[in-house]
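Student: I'd like to ask you about the structure that follows.
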Amino acid sequence: MRLILLGPPGAGKGTQAQRLVHKHHIVQLSTGEMLRAAVAAGTPIGLQAKDIMASGALVPDEVVISIISDRLDQPDMKNGFILDGFPRTVPQAAALDDLLKKKHIKLDAVVELRVNESALLNRVETRVAEMRARGEEVRIDDTPEVLSKRLASYRTLTEPLIHYYSERRKLLTVDGMMTIEHVTREINRILAAIGAVEPKAAAPKRAEMAARKTAKPVAKKAAKTAGKPARAAAKAGKVASKGSKKAKKTARKTGKKAGRTIAKRGAKKASKKVTKRRAKR
Ligand code: AP5
Ligand code: MG
């Protein structure tokens with residue numbers, strides 16, 4: 001599976017990428033993470049990117065394109081990958097098309113996570129709180145001021161990709177306002193629908209499966225109990241066939257009801273009616 005996750009800062013790209021990586025055993029390629037690692041390591045790319053990232057602007061296209069190009073050549077790419085945060089501009093998307101073409105790799109889909117802007121600040125603040133609680137260093141660009149600049153970059157430079165991929169029939173939009181779990185389920189569902197993953201992989205969670213298993217014996221028992229009136233009604237139908245047309249109709253009707261498993265009472269009634277009529281005769 002080869003996938004791009006598209007969405008504004010805080011939309012949940014990283015969160016969903018990690019969940020998909022875990023489920024489908026593929027690799028997450030986050031340009032943001034790679035750049036942060038380069039900044040931390042003080043590499044030439046890191047030194048170039050540091051201030052740009054801190055300001056909420058985008059790192060030059062050629063820098064991120066060369067990072068992705070090198071990464072796509074690594075052997076662990078063969079099972080598939082999720083691009084999280086790349087491409088972010090139309091030139092990056094065009095460069096990726098060329099790279100994939102040269103490497104004979106087909107992109108399955110671009111999943112756009114659509115989230116109301118009003119929710120983004122809250123999510124980023126939550127992330128800051130969570131990182132602090134874990135004793136991790138907070139991202140320098142996770143402030144309300146820088147977030148608004150990142151959002152502005154997204155609107156002007158990244159949003160045109162929605163049209164770019166929609167024209168190429170690659171775009172799938174998911175409501176990113178749902179819970180994390182629901183968003184994952186929805187992504188898996190649409191990936192299965194387009195044949196990018198086995199339907200089995202998009203199947204319900206283990207807990208749901210367990211619930212279904214426990215439900216089975218109960219259902220069996222119900223069917224067994226329901227079988228009795230159903231059989232009685234069928235018998236009634238047989239008996240009635242010897243009698244009047246009306247009785248036959250009643251018995252057939254009730255037989256059908258009982259067949260639906262909840263017609264215990266109906267079946268009894270039918271038997272009683274037939275017995276009464278027979279007694280009259
Ligand atoms: P990058 O690291 O890619 O940041 P971003 O795009 O701004 O996105 P975020 O990582 O902030 O958000 P996310 O969508 O991953 O959300 P997350 O899952 O963490 O880029 C950083 C910088 O690097 C850029 O500004 C740029 O300078 C540079 N850069 C990177 N790539 C580049 C490129 N290609 N070209 C040029 N420059 C580039 O979720 C956020 C929070 O919300 C978490 O706390 C999470 O738990 C929570 N959350 C997630 N989903 C939900 C949900 N459904 N409901 C409730 N909470 C949720
Ligand atoms: Mg991220």
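By order of appearance in the structure tokens: chains A, B, ..., then residues from 1 within every chain, and ligands from 1 in the order shown.
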Just want the residues within 7 Å of ligand 2, written as a VMD selection string, counting only C-alpha atoms and all ligand atoms.

Tutor: chain A and resid 10 12 to 14 32 84 to 85

Student: Export, as a PDB file, in the first residue's frame, the selected residues with N, CA and C atoms.

Tutor:
ATOM      1  N   GLY A  10      -2.044  19.515  12.722  1.00  0.00           N
ATOM      2  CA  GLY A  10      -2.896  19.056  13.822  1.00  0.00           C
ATOM      3  C   GLY A  10      -4.092  18.241  13.357  1.00  0.00           C
ATOM      4  N   GLY A  12      -4.167  15.255  12.339  1.00  0.00           N
ATOM      5  CA  GLY A  12      -4.095  13.853  12.778  1.00  0.00           C
ATOM      6  C   GLY A  12      -3.299  12.987  11.797  1.00  0.00           C
ATOM      7  N   LYS A  13      -2.504  13.602  10.936  1.00  0.00           N
ATOM      8  CA  LYS A  13      -1.741  12.827   9.940  1.00  0.00           C
ATOM      9  C   LYS A  13      -0.778  11.858  10.634  1.00  0.00           C
ATOM     10  N   GLY A  14      -0.009  12.388  11.587  1.00  0.00           N
ATOM     11  CA  GLY A  14       0.963  11.563  12.290  1.00  0.00           C
ATOM     12  C   GLY A  14       0.279  10.454  13.082  1.00  0.00           C
ATOM     13  N   GLY A  32       8.322  16.089   8.311  1.00  0.00           N
ATOM     14  CA  GLY A  32       8.433  16.898   9.524  1.00  0.00           C
ATOM     15  C   GLY A  32       9.350  16.220  10.537  1.00  0.00           C
ATOM     16  N   ASP A  84       3.606  11.196   5.158  1.00  0.00           N
ATOM     17  CA  ASP A  84       2.896  12.060   6.112  1.00  0.00           C
ATOM     18  C   ASP A  84       3.554  13.439   6.049  1.00  0.00           C
ATOM     19  N   GLY A  85       2.843  14.397   5.440  1.00  0.00           N
ATOM     20  CA  GLY A  85       3.394  15.752   5.351  1.00  0.00           C
ATOM     21  C   GLY A  85       4.200  16.009   4.093  1.00  0.00           C
TER      22      GLY A  85
END

Student: Do a neighbour search on A:Leu58 at 12 Å with only C-alpha atoms, toss out local chain neighbours closer than 4 positions, and write the hits as a PyMOL selection string.

Tutor: chain A and resi 31-32+35+48-54+62-64+85-89+92+141+146+149-154+156-158

Student: Quick one: residues within 9 Å of stretch 72-80 of chain A, only C-alpha atoms counted, chain neighbours fewer than 2 positions away excluded, as number ranges by chain?

Tutor: A: 1-3, 24-27, 67-70, 82, 99-100, 103

Student: Keeping N, CA, C and O atoms for every residue in the selection just given, could you write it to a file as a PDB file, in the first residue's frame?

Tutor:
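result00.pdb, written as the output of this step:
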ATOM      1  N   MET A   1       0.840  -1.194   0.000  1.00  0.00           N
ATOM      2  CA  MET A   1       0.000   0.000   0.000  1.00  0.00           C
ATOM      3  C   MET A   1       0.885   1.258   0.000  1.00  0.00           C
ATOM      4  O   MET A   1       1.813   1.364   0.778  1.00  0.00           O
ATOM      5  N   ARG A   2       0.589   2.159  -0.934  1.00  0.00           N
ATOM      6  CA  ARG A   2       1.328   3.438  -0.997  1.00  0.00           C
ATOM      7  C   ARG A   2       0.324   4.566  -0.871  1.00  0.00           C
ATOM      8  O   ARG A   2      -0.584   4.693  -1.698  1.00  0.00           O
ATOM      9  N   LEU A   3       0.525   5.350   0.166  1.00  0.00           N
ATOM     10  CA  LEU A   3      -0.497   6.306   0.565  1.00  0.00           C
ATOM     11  C   LEU A   3       0.107   7.661   0.895  1.00  0.00           C
ATOM     12  O   LEU A   3       1.208   7.745   1.400  1.00  0.00           O
ATOM     13  N   HIS A  24      -0.689  -2.361   8.950  1.00  0.00           N
ATOM     14  CA  HIS A  24      -0.373  -2.908   7.629  1.00  0.00           C
ATOM     15  C   HIS A  24       1.112  -3.188   7.419  1.00  0.00           C
ATOM     16  O   HIS A  24       1.516  -3.561   6.317  1.00  0.00           O
ATOM     17  N   HIS A  25       1.915  -2.991   8.475  1.00  0.00           N
ATOM     18  CA  HIS A  25       3.353  -3.291   8.420  1.00  0.00           C
ATOM     19  C   HIS A  25       4.045  -2.578   7.256  1.00  0.00           C
ATOM     20  O   HIS A  25       4.721  -3.205   6.436  1.00  0.00           O
ATOM     21  N   ILE A  26       3.797  -1.284   7.178  1.00  0.00           N
ATOM     22  CA  ILE A  26       4.457  -0.481   6.151  1.00  0.00           C
ATOM     23  C   ILE A  26       5.245   0.633   6.852  1.00  0.00           C
ATOM     24  O   ILE A  26       5.237   0.701   8.077  1.00  0.00           O
ATOM     25  N   VAL A  27       5.877   1.487   6.073  1.00  0.00           N
ATOM     26  CA  VAL A  27       6.768   2.489   6.661  1.00  0.00           C
ATOM     27  C   VAL A  27       6.134   3.881   6.604  1.00  0.00           C
ATOM     28  O   VAL A  27       5.489   4.238   5.621  1.00  0.00           O
ATOM     29  N   ILE A  67      15.296  14.531   0.165  1.00  0.00           N
ATOM     30  CA  ILE A  67      15.172  13.623   1.329  1.00  0.00           C
ATOM     31  C   ILE A  67      14.283  12.433   0.953  1.00  0.00           C
ATOM     32  O   ILE A  67      14.618  11.269   1.195  1.00  0.00           O
ATOM     33  N   ILE A  68      13.140  12.730   0.339  1.00  0.00           N
ATOM     34  CA  ILE A  68      12.185  11.666  -0.007  1.00  0.00           C
ATOM     35  C   ILE A  68      12.754  10.747  -1.087  1.00  0.00           C
ATOM     36  O   ILE A  68      12.607   9.519  -1.015  1.00  0.00           O
ATOM     37  N   SER A  69      13.435  11.332  -2.054  1.00  0.00           N
ATOM     38  CA  SER A  69      14.009  10.525  -3.134  1.00  0.00           C
ATOM     39  C   SER A  69      14.991   9.489  -2.567  1.00  0.00           C
ATOM     40  O   SER A  69      14.935   8.311  -2.910  1.00  0.00           O
ATOM     41  N   ASP A  70      15.868   9.942  -1.665  1.00  0.00           N
ATOM     42  CA  ASP A  70      16.835   9.019  -1.049  1.00  0.00           C
ATOM     43  C   ASP A  70      16.122   7.934  -0.259  1.00  0.00           C
ATOM     44  O   ASP A  70      16.470   6.762  -0.307  1.00  0.00           O
ATOM     45  N   ILE A  82       3.629   5.233   3.889  1.00  0.00           N
ATOM     46  CA  ILE A  82       2.669   6.323   4.061  1.00  0.00           C
ATOM     47  C   ILE A  82       3.466   7.616   4.086  1.00  0.00           C
ATOM     48  O   ILE A  82       4.339   7.786   4.944  1.00  0.00           O
ATOM     49  N   LEU A  99       9.328  10.759  -9.558  1.00  0.00           N
ATOM     50  CA  LEU A  99      10.107   9.769  -8.794  1.00  0.00           C
ATOM     51  C   LEU A  99       9.427   8.405  -8.829  1.00  0.00           C
ATOM     52  O   LEU A  99      10.078   7.381  -9.083  1.00  0.00           O
ATOM     53  N   LEU A 100       8.125   8.403  -8.582  1.00  0.00           N
ATOM     54  CA  LEU A 100       7.390   7.131  -8.525  1.00  0.00           C
ATOM     55  C   LEU A 100       7.371   6.458  -9.907  1.00  0.00           C
ATOM     56  O   LEU A 100       7.486   5.242 -10.008  1.00  0.00           O
ATOM     57  N   LYS A 103      10.622   4.847 -10.557  1.00  0.00           N
ATOM     58  CA  LYS A 103      10.844   3.666  -9.712  1.00  0.00           C
ATOM     59  C   LYS A 103       9.758   2.602  -9.951  1.00  0.00           C
ATOM     60  O   LYS A 103       9.715   1.596  -9.245  1.00  0.00           O
TER      61      LYS A 103
END

Student: Would you mind listing what lies within 9 Å of stretch 114-131 of chain A as a list in words, with only C-alpha atoms counted and same-chain residues fewer than 5 positions away left out?

Tutor: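 Those residues are Leu6, Gly7, Pro8, Pro9, Gly10, Ala11, Gly12, Glu136, Glu137, Val138, Arg139, Asp142, Thr143, Pro144, Leu147, Ser148, Leu151, Thr173, Val174, Asp175, Gly176 and Met177 of chain A.
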
Student: Those residues you just picked out, can you put them in a file as a short mmCIF file (atom, residue, chain, number, x, y, z; two decimals), in the first residue's frame with all heavy atoms?

Tutor:
data_model
loop_
_atom_site.label_atom_id
_atom_site.label_comp_id
_atom_site.auth_asym_id
_atom_site.auth_seq_id
_atom_site.Cartn_x
_atom_site.Cartn_y
_atom_site.Cartn_z
N LEU A 6 -2.90 13.78 3.75
CA LEU A 6 -2.94 15.23 3.52
C LEU A 6 -3.85 15.87 4.55
O LEU A 6 -4.90 15.30 4.88
CB LEU A 6 -3.53 15.42 2.11
CG LEU A 6 -3.37 16.75 1.41
CD1 LEU A 6 -1.92 17.04 1.14
CD2 LEU A 6 -4.15 16.72 0.07
N GLY A 7 -3.45 17.02 5.05
CA GLY A 7 -4.32 17.70 6.01
C GLY A 7 -3.58 18.82 6.71
O GLY A 7 -2.34 18.83 6.75
N PRO A 8 -4.31 19.76 7.28
CA PRO A 8 -3.67 20.90 7.96
C PRO A 8 -2.89 20.47 9.21
O PRO A 8 -3.05 19.34 9.68
CB PRO A 8 -4.86 21.80 8.32
CG PRO A 8 -6.03 20.89 8.37
CD PRO A 8 -5.77 19.81 7.37
N PRO A 9 -2.07 21.37 9.76
CA PRO A 9 -1.34 21.03 10.99
C PRO A 9 -2.30 20.65 12.11
O PRO A 9 -3.28 21.36 12.35
CB PRO A 9 -0.59 22.32 11.33
CG PRO A 9 -1.18 23.40 10.49
CD PRO A 9 -1.74 22.72 9.28
N GLY A 10 -2.04 19.52 12.72
CA GLY A 10 -2.90 19.06 13.82
C GLY A 10 -4.09 18.24 13.36
O GLY A 10 -4.92 17.82 14.17
N ALA A 11 -4.18 17.96 12.05
CA ALA A 11 -5.34 17.22 11.52
C ALA A 11 -5.35 15.77 11.99
O ALA A 11 -6.40 15.11 12.00
CB ALA A 11 -5.33 17.27 10.01
N GLY A 12 -4.17 15.25 12.34
CA GLY A 12 -4.09 13.85 12.78
C GLY A 12 -3.30 12.99 11.80
O GLY A 12 -3.39 11.76 11.86
N GLU A 136 8.83 14.99 27.31
CA GLU A 136 9.48 15.20 26.01
C GLU A 136 9.61 16.69 25.71
O GLU A 136 8.85 17.51 26.26
CB GLU A 136 8.64 14.54 24.90
CG GLU A 136 8.63 13.02 24.96
CD GLU A 136 7.61 12.40 24.04
OE1 GLU A 136 7.03 13.11 23.19
OE2 GLU A 136 7.36 11.18 24.19
N GLU A 137 10.53 16.98 24.81
CA GLU A 137 10.70 18.38 24.42
C GLU A 137 9.57 18.80 23.49
O GLU A 137 9.26 18.09 22.51
CB GLU A 137 12.05 18.56 23.71
CG GLU A 137 12.55 19.99 23.78
CD GLU A 137 13.89 20.15 23.07
OE1 GLU A 137 14.71 19.23 23.18
OE2 GLU A 137 14.07 21.19 22.43
N VAL A 138 8.95 19.91 23.82
CA VAL A 138 7.79 20.38 23.04
C VAL A 138 8.26 20.95 21.70
O VAL A 138 9.33 21.55 21.62
CB VAL A 138 7.04 21.45 23.88
CG1 VAL A 138 5.99 22.16 23.05
CG2 VAL A 138 6.41 20.82 25.11
N ARG A 139 7.45 20.76 20.66
CA ARG A 139 7.81 21.28 19.33
C ARG A 139 7.82 22.81 19.35
O ARG A 139 6.89 23.43 19.86
CB ARG A 139 6.80 20.77 18.30
CG ARG A 139 7.20 19.45 17.69
CD ARG A 139 6.13 18.87 16.83
NE ARG A 139 5.75 19.74 15.70
CZ ARG A 139 5.00 19.33 14.70
NH1 ARG A 139 4.54 18.08 14.67
NH2 ARG A 139 4.68 20.16 13.74
N ASP A 142 4.75 24.60 17.90
CA ASP A 142 3.42 24.35 18.49
C ASP A 142 2.97 25.49 19.41
O ASP A 142 2.68 25.28 20.59
CB ASP A 142 3.41 23.01 19.25
CG ASP A 142 2.97 21.85 18.35
OD1 ASP A 142 2.52 22.12 17.21
OD2 ASP A 142 3.06 20.69 18.80
N THR A 143 2.94 26.70 18.87
CA THR A 143 2.42 27.84 19.63
C THR A 143 1.28 28.43 18.80
O THR A 143 1.26 28.24 17.57
CB THR A 143 3.49 28.93 19.82
OG1 THR A 143 3.85 29.43 18.52
CG2 THR A 143 4.73 28.40 20.52
N PRO A 144 0.34 29.14 19.44
CA PRO A 144 -0.78 29.70 18.66
C PRO A 144 -0.31 30.58 17.50
O PRO A 144 -0.86 30.51 16.40
CB PRO A 144 -1.56 30.52 19.70
CG PRO A 144 -1.19 29.93 21.01
CD PRO A 144 0.20 29.41 20.88
N LEU A 147 1.31 28.39 14.80
CA LEU A 147 0.25 27.55 14.20
C LEU A 147 -0.53 28.35 13.15
O LEU A 147 -0.84 27.82 12.08
CB LEU A 147 -0.70 27.01 15.28
CG LEU A 147 -1.84 26.16 14.72
CD1 LEU A 147 -1.33 24.85 14.10
CD2 LEU A 147 -2.88 25.85 15.78
N SER A 148 -0.82 29.61 13.45
CA SER A 148 -1.59 30.40 12.47
C SER A 148 -0.77 30.62 11.20
O SER A 148 -1.32 30.63 10.10
CB SER A 148 -2.10 31.70 13.08
OG SER A 148 -1.02 32.56 13.29
N LEU A 151 -0.88 27.34 9.30
CA LEU A 151 -2.20 27.22 8.66
C LEU A 151 -2.26 28.05 7.38
O LEU A 151 -2.83 27.61 6.37
CB LEU A 151 -3.28 27.71 9.63
CG LEU A 151 -4.10 26.63 10.31
CD1 LEU A 151 -5.02 27.24 11.35
CD2 LEU A 151 -4.90 25.86 9.29
N THR A 173 -11.53 11.68 0.70
CA THR A 173 -11.64 12.60 1.84
C THR A 173 -12.32 11.90 3.02
O THR A 173 -13.34 11.24 2.85
CB THR A 173 -12.42 13.86 1.42
OG1 THR A 173 -11.69 14.47 0.35
CG2 THR A 173 -12.54 14.85 2.56
N VAL A 174 -11.71 12.08 4.18
CA VAL A 174 -12.24 11.47 5.40
C VAL A 174 -12.54 12.57 6.41
O VAL A 174 -11.78 13.54 6.53
CB VAL A 174 -11.21 10.45 5.99
CG1 VAL A 174 -11.60 10.00 7.38
CG2 VAL A 174 -11.07 9.26 5.06
N ASP A 175 -13.64 12.42 7.13
CA ASP A 175 -14.00 13.39 8.16
C ASP A 175 -13.06 13.23 9.36
O ASP A 175 -13.19 12.28 10.13
CB ASP A 175 -15.47 13.16 8.57
CG ASP A 175 -15.91 14.08 9.69
OD1 ASP A 175 -15.15 15.02 10.02
OD2 ASP A 175 -17.02 13.87 10.23
N GLY A 176 -12.13 14.15 9.48
CA GLY A 176 -11.14 14.07 10.56
C GLY A 176 -11.65 14.57 11.89
O GLY A 176 -10.90 14.63 12.86
N MET A 177 -12.93 14.96 11.93
CA MET A 177 -13.52 15.45 13.19
C MET A 177 -14.02 14.30 14.06
O MET A 177 -14.41 14.50 15.20
CB MET A 177 -14.67 16.41 12.91
CG MET A 177 -14.25 17.72 12.27
SD MET A 177 -13.09 18.65 13.28
CE MET A 177 -14.16 19.20 14.59
#

Student: Which residue out of A:Leu171, A:Val21, A:Ile4, A:Val59 has the minimum interatomic distance to ligand 1 when only C-alpha atoms and all ligand atoms are used?

Tutor: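 Answer, going by the shortest atom-to-atom distance: A:Val59.
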
Student: Using only C-alpha atoms and all ligand atoms, which of A:His163, A:Arg36, A:Lys102, A:Arg71 sits nearest ligand 1?

Tutor: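 Smallest separation from ligand 1 among the options: A:Arg36.
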
Student: For ligand 1, which residue among A:Thr43, A:Ser166, A:Thr179, A:Gln18 is the nearest when counting only C-alpha atoms and all ligand atoms?

Tutor: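 Selected residue with least distance to ligand 1: A:Thr179.
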
Student: Name the residues of stretch 122-155 of chain A that come out as helix (DSSP H, G or I) in a backbone DSSP run; write them as a PyMOL selection string.

Tutor: chain A and resi 122-133+144-155

Student: Could those selected residues go to a file with N, CA, C and O atoms, as a CSV table (one decimal), in the first residue's frame?

Tutor:
chain,number,residue,atom,x,y,z
A,122,ASN,N,-6.8,23.6,19.5
A,122,ASN,CA,-7.1,22.7,20.7
A,122,ASN,C,-6.3,21.4,20.6
A,122,ASN,O,-5.7,21.0,21.6
A,123,ARG,N,-6.2,20.9,19.4
A,123,ARG,CA,-5.5,19.6,19.3
A,123,ARG,C,-4.0,19.8,19.5
A,123,ARG,O,-3.3,19.0,20.1
A,124,VAL,N,-3.5,20.9,18.9
A,124,VAL,CA,-2.0,21.2,19.1
A,124,VAL,C,-1.7,21.4,20.6
A,124,VAL,O,-0.7,21.0,21.1
A,125,GLU,N,-2.6,22.2,21.3
A,125,GLU,CA,-2.4,22.4,22.7
A,125,GLU,C,-2.4,21.1,23.5
A,125,GLU,O,-1.7,20.9,24.4
A,126,THR,N,-3.3,20.2,23.1
A,126,THR,CA,-3.4,18.9,23.7
A,126,THR,C,-2.1,18.2,23.5
A,126,THR,O,-1.5,17.5,24.5
A,127,ARG,N,-1.5,18.2,22.3
A,127,ARG,CA,-0.3,17.5,22.0
A,127,ARG,C,0.8,18.1,22.9
A,127,ARG,O,1.7,17.4,23.5
A,128,VAL,N,0.9,19.5,23.0
A,128,VAL,CA,1.9,20.1,23.9
A,128,VAL,C,1.8,19.6,25.3
A,128,VAL,O,2.8,19.2,25.9
A,129,ALA,N,0.5,19.5,25.8
A,129,ALA,CA,0.3,19.0,27.2
A,129,ALA,C,0.8,17.6,27.3
A,129,ALA,O,1.4,17.2,28.3
A,130,GLU,N,0.4,16.7,26.3
A,130,GLU,CA,0.8,15.3,26.4
A,130,GLU,C,2.3,15.2,26.3
A,130,GLU,O,2.9,14.3,27.1
A,131,MET,N,3.0,15.9,25.5
A,131,MET,CA,4.4,15.8,25.4
A,131,MET,C,5.1,16.2,26.7
A,131,MET,O,6.1,15.6,27.1
A,132,ARG,N,4.6,17.3,27.3
A,132,ARG,CA,5.1,17.8,28.6
A,132,ARG,C,5.0,16.7,29.6
A,132,ARG,O,5.9,16.4,30.4
A,133,ALA,N,3.8,16.1,29.6
A,133,ALA,CA,3.5,15.1,30.6
A,133,ALA,C,4.5,13.9,30.5
A,133,ALA,O,4.8,13.2,31.4
A,144,PRO,N,0.3,29.1,19.4
A,144,PRO,CA,-0.8,29.7,18.7
A,144,PRO,C,-0.3,30.6,17.5
A,144,PRO,O,-0.9,30.5,16.4
A,145,GLU,N,0.8,31.4,17.7
A,145,GLU,CA,1.3,32.3,16.7
A,145,GLU,C,1.8,31.5,15.5
A,145,GLU,O,1.4,31.8,14.3
A,146,VAL,N,2.7,30.5,15.8
A,146,VAL,CA,3.3,29.8,14.7
A,146,VAL,C,2.2,28.9,14.0
A,146,VAL,O,2.2,28.7,12.8
A,147,LEU,N,1.3,28.4,14.8
A,147,LEU,CA,0.3,27.6,14.2
A,147,LEU,C,-0.5,28.3,13.1
A,147,LEU,O,-0.8,27.8,12.1
A,148,SER,N,-0.8,29.6,13.5
A,148,SER,CA,-1.6,30.4,12.5
A,148,SER,C,-0.8,30.6,11.2
A,148,SER,O,-1.3,30.6,10.1
A,149,LYS,N,0.6,30.7,11.3
A,149,LYS,CA,1.4,30.8,10.1
A,149,LYS,C,1.4,29.5,9.3
A,149,LYS,O,1.4,29.5,8.1
A,150,ARG,N,1.5,28.4,10.1
A,150,ARG,CA,1.5,27.1,9.4
A,150,ARG,C,0.2,26.9,8.7
A,150,ARG,O,0.2,26.3,7.6
A,151,LEU,N,-0.9,27.3,9.3
A,151,LEU,CA,-2.2,27.2,8.7
A,151,LEU,C,-2.3,28.1,7.4
A,151,LEU,O,-2.8,27.6,6.4
A,152,ALA,N,-1.7,29.3,7.5
A,152,ALA,CA,-1.7,30.1,6.3
A,152,ALA,C,-0.9,29.5,5.1
A,152,ALA,O,-1.3,29.5,4.0
A,153,SER,N,0.3,28.8,5.5
A,153,SER,CA,1.1,28.1,4.5
A,153,SER,C,0.3,27.0,3.9
A,153,SER,O,0.3,26.7,2.7
A,154,TYR,N,-0.5,26.3,4.8
A,154,TYR,CA,-1.3,25.2,4.3
A,154,TYR,C,-2.3,25.6,3.3
A,154,TYR,O,-2.5,25.1,2.2
A,155,ARG,N,-3.0,26.7,3.6
A,155,ARG,CA,-4.1,27.2,2.8
A,155,ARG,C,-3.5,27.6,1.4
A,155,ARG,O,-4.1,27.2,0.4

Student: Could you tell me which of A:Gly135, A:Pro199, A:Gly56, A:Pro160 comes closest to ligand 1 if we count only C-alpha atoms and all ligand atoms?

Tutor: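 Going through A:Gly135, A:Pro199, A:Gly56, A:Pro160 one by one, the smallest distance to ligand 1 is for A:Gly56.
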